[in-house]
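Data block for target_20.txt (compact mmCIF, C-alpha atoms):
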```
# COMPACT_ATOMS: atom_id res chain seq x y z
CA MET A 81 -25.89 -37.99 11.08
CA ALA A 82 -22.96 -38.87 13.33
CA ILE A 83 -19.85 -40.57 12.08
CA PHE A 84 -19.44 -44.35 12.54
CA GLY A 85 -22.94 -45.25 13.58
CA LYS A 86 -23.48 -43.28 16.81
CA ARG A 87 -26.76 -42.10 15.29
CA GLY A 88 -28.39 -43.02 12.06
CA GLY A 89 -27.58 -46.69 11.66
CA PRO A 90 -24.92 -49.30 12.25
CA ALA A 91 -21.22 -48.55 12.04
CA PRO A 92 -19.40 -49.59 8.85
CA ALA A 93 -17.52 -52.89 8.98
CA GLY A 94 -14.26 -52.51 10.89
CA PHE A 95 -15.43 -49.46 12.86
CA GLN A 96 -17.28 -51.13 15.72
CA GLU A 97 -16.17 -50.37 19.28
CA PRO A 98 -12.82 -52.15 19.73
CA VAL A 99 -12.25 -54.72 22.46
CA PHE A 100 -9.05 -53.80 24.30
CA ARG A 101 -7.09 -56.63 25.85
CA SER A 102 -3.50 -55.50 25.36
CA SER A 103 -1.27 -53.13 23.46
CA PHE A 104 1.48 -54.36 21.16
CA ILE A 105 4.64 -52.43 20.31
CA GLY A 106 6.00 -54.20 17.25
CA PRO A 107 9.60 -54.93 16.27
CA LEU A 108 9.81 -51.97 13.88
CA VAL A 109 8.45 -49.46 16.43
CA ARG A 110 10.60 -47.22 18.64
CA ILE A 111 9.06 -45.16 21.42
CA GLN A 112 10.92 -42.43 23.32
CA GLY A 113 9.19 -40.91 26.34
CA GLU A 114 6.56 -42.32 28.66
CA VAL A 115 4.41 -45.40 28.25
CA LEU A 116 1.53 -45.15 30.71
CA GLY A 117 -1.57 -47.30 30.84
CA ASP A 118 -4.16 -49.47 32.47
CA GLU A 119 -3.98 -52.49 30.17
CA ASP A 120 -1.47 -55.19 29.32
CA VAL A 121 1.46 -54.09 27.15
CA PHE A 122 3.70 -56.34 25.04
CA VAL A 123 6.94 -54.87 23.66
CA ASP A 124 8.78 -56.49 20.78
CA GLY A 125 10.26 -53.17 19.62
CA ARG A 126 12.26 -50.53 21.50
CA VAL A 127 11.06 -48.34 24.38
CA GLU A 128 13.21 -45.63 25.97
CA GLY A 129 12.16 -43.47 28.91
CA ARG A 130 9.67 -44.48 31.58
CA VAL A 131 7.04 -47.24 31.76
CA GLU A 132 4.10 -47.30 34.20
CA ILE A 133 1.54 -50.00 33.51
CA SER A 134 -1.00 -51.08 36.12
CA LYS A 135 -1.36 -54.56 34.61
CA ALA A 136 1.08 -56.89 32.81
CA PHE A 137 4.17 -55.56 31.04
CA ARG A 138 5.93 -58.11 28.82
CA VAL A 139 9.12 -57.78 26.82
CA GLY A 140 9.36 -60.20 23.88
CA LEU A 141 12.48 -61.83 22.47
CA LYS A 142 13.19 -58.88 20.16
CA GLY A 143 12.17 -56.28 22.74
CA ILE A 144 14.63 -53.72 24.09
CA VAL A 145 13.57 -51.49 26.96
CA VAL A 146 15.83 -48.74 28.29
CA ALA A 147 13.60 -47.38 31.02
CA GLU A 148 12.49 -47.39 34.61
CA VAL A 149 9.64 -49.92 34.65
CA ALA A 150 6.73 -50.11 37.10
CA ALA A 151 3.88 -52.56 36.51
CA GLY A 152 1.53 -55.02 38.14
CA THR A 153 3.52 -57.94 36.73
CA VAL A 154 6.62 -57.98 34.52
CA ALA A 155 7.83 -60.82 32.27
CA ILE A 156 11.05 -60.37 30.30
CA ALA A 157 12.28 -62.49 27.39
CA GLY A 158 14.30 -59.70 25.73
CA HIS A 159 16.66 -57.01 27.05
CA VAL A 160 15.87 -54.45 29.75
CA ILE A 161 18.24 -51.75 31.01
CA GLY A 162 16.76 -50.02 34.04
CA ASN A 163 15.16 -50.76 37.37
CA VAL A 164 12.05 -52.94 37.43
CA ARG A 165 9.32 -52.64 40.06
CA ALA A 166 6.28 -54.93 40.15
CA ALA A 167 3.34 -55.01 42.53
CA GLU A 168 3.00 -58.79 42.14
CA ARG A 169 5.80 -60.57 40.28
CA VAL A 170 8.84 -60.26 38.02
CA GLU A 171 9.79 -63.17 35.77
CA LEU A 172 13.02 -63.40 33.79
CA LEU A 173 12.62 -66.02 31.09
CA PRO A 174 15.68 -68.07 30.00
CA THR A 175 16.47 -65.60 27.17
CA ALA A 176 16.16 -62.47 29.36
CA ILE A 177 18.87 -59.91 29.99
CA LEU A 178 18.18 -57.45 32.82
CA GLU A 179 20.65 -54.75 33.81
CA GLY A 180 19.03 -53.07 36.79
CA ASN A 181 17.52 -53.65 40.20
CA ILE A 182 14.32 -55.61 40.87
CA HIS A 183 11.76 -54.74 43.53
CA ALA A 184 8.88 -57.21 43.76
CA PRO A 185 7.40 -59.61 46.32
CA ARG A 186 7.86 -62.60 43.97
CA ILE A 187 10.68 -63.19 41.49
CA VAL A 188 11.32 -66.04 39.06
CA ILE A 189 14.63 -66.28 37.21
CA GLY A 190 14.74 -68.93 34.49
CA GLU A 191 17.86 -70.96 33.87
CA GLY A 192 19.99 -69.11 31.34
CA ALA A 193 18.65 -65.62 32.11
CA ARG A 194 21.29 -62.94 32.67
CA PHE A 195 20.80 -60.49 35.52
CA THR A 196 23.01 -57.72 36.89
CA GLY A 197 21.65 -55.78 39.84
CA ARG A 198 20.07 -56.11 43.24
CA ILE A 199 16.86 -57.82 44.32
CA ASP A 200 14.51 -56.39 46.95
CA MET A 201 11.63 -58.65 47.95
CA GLY A 202 10.84 -56.66 51.09
CA GLY A 203 7.07 -56.66 51.16
CA ARG A 204 4.61 -55.89 48.45
CA ALA A 205 5.86 -53.30 45.97
CA GLU A 206 3.70 -50.25 45.46
CA SER A 207 1.24 -50.44 42.61
CA PRO A 208 2.08 -48.12 39.74
CA PRO A 209 -0.11 -45.00 39.58
CA ARG A 210 -3.04 -45.09 37.20
```

Just dump the structure as structure tokens.
Amino acid sequence: MAIFGKRGGPAPAGFQEPVFRSSFIGPLVRIQGEVLGDEDVFVDGRVEGRVEISKAFRVGLKGIVVAEVAAGTVAIAGHVIGNVRAAERVELLPTAILEGNIHAPRIVIGEGARFTGRIDMGGRAESPPR
């Protein structure tokens, strides 16, 4: 009999195949290294290193990211130190702090956001590798 219902009956409660919509890095989590993926990622903790996400990468109010970021779309409410590259769009919400350059075809900077760096909107940014 296989574990968790592959053969021999249904899986126990709580062990069914999960439905992945996004990953959450909570406020008490710190990641050092690479965050790579093909699903949405929401950071409310701390990430240091490199981020490559093919879909949406969001930094919450408590989020701190010290990394080079490449994603399909990027929305920042917290603090990012590092360059940000998006295939579609970068949005700095009113509470955002970004210290680094932006490369994206569309950029939105909310009133009150703090930004230090350069902006390059020259054409569509390359999609991050999968």

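With CA of Gly117 (chain A) on one side and CA of Ile133 (chain A) on the other, the separation reads 4.9 Å.
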
When you count only C-alpha atoms, which of these residues is closest to Ala150 (chain A): A:Gly125, A:Val109, A:Arg186, A:Val115?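 Checking each candidate against Ala150 (chain A), we get A:Val115 as the closest.
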
From CA of Leu141 (chain A) to CA of Met201 (chain A) the spacing works out at 25.7 Å

Would you list the contacts of Arg138 (chain A) as a PDB file with C-alpha atoms, in the frame of the given file, taking every protein, DNA or RNA residue within 6 Å and counting all atoms listed in the file, but skipping same-chain residues closer than 4 positions in sequence?
```
ATOM      1  CA  PHE A 122       3.700 -56.340  25.040  1.00  0.00           C
ATOM      2  CA  VAL A 154       6.620 -57.980  34.520  1.00  0.00           C
ATOM      3  CA  ALA A 155       7.830 -60.820  32.270  1.00  0.00           C
ATOM      4  CA  ILE A 156      11.050 -60.370  30.300  1.00  0.00           C
TER       5      ILE A 156
END
```

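What separates CA of Arg126 (chain A) from CA of Ala157 (chain A) is a distance of 13.3 Å.
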
Spatial neighbours of Val160 (chain A), 6 Å, all atoms listed in the file, chain gap at least 5 places, as an mmCIF file with C-alpha atoms, in the frame of the given file:
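Output saved as out-v2.cif:
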```cif
data_model
loop_
_atom_site.group_PDB
_atom_site.id
_atom_site.type_symbol
_atom_site.label_atom_id
_atom_site.label_comp_id
_atom_site.auth_asym_id
_atom_site.auth_seq_id
_atom_site.Cartn_x
_atom_site.Cartn_y
_atom_site.Cartn_z
ATOM 1 C CA ILE A 144 14.630 -53.720 24.090
ATOM 2 C CA VAL A 145 13.570 -51.490 26.960
ATOM 3 C CA VAL A 146 15.830 -48.740 28.290
ATOM 4 C CA LEU A 178 18.180 -57.450 32.820
#
```

Is there a way to get, as a PyMOL selection string, all residues within 9 Å of the point (2.1, -56.5, 32.0) in file coordinates, counting all atoms listed in the file? chain A and resi 102+119-122+133-139+151-155

Residue nearest Leu108 (chain A) among A:Val123, A:Leu173, A:Ala167, A:Val149 (counting all atoms listed in the file):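 The shortest atom-to-atom distance to Leu108 (chain A) comes from A:Val123.
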
Near Asn163 (chain A), within 7 Å and counting only C-alpha atoms, which residues show up once chain neighbours fewer than 2 positions away are dropped, as a list of chain:residue names?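 After dropping sequence-adjacent residues, the list is A:Glu148, A:Val149, A:Arg165, A:Gly180, A:Asn181, A:Ile182.
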
Name the residues in contact with Gln112 (chain A) at a cut-off of 7 Å, using all atoms listed in the file, excluding same-chain residues fewer than 3 positions from it; report them as an NGL selection string. :A and (127-129)

Calculate, to one decimal in Å, the centre and edge lengths of the box along x, y and z of the file that holds all listed atoms of region 163-173 of chain A with 4 Å of margin on each side, and present them as AutoDock Vina command-line options.
```
--center_x 9.1 --center_y -58.4 --center_z 36.8 --size_x 20.2 --size_y 23.3 --size_z 19.4
```

Shell of 9 Å around Ile187 (chain A), all atoms listed in the file, local chain residues under 6 positions omitted, as a PyMOL selection string: chain A and resi 168-172+199+201
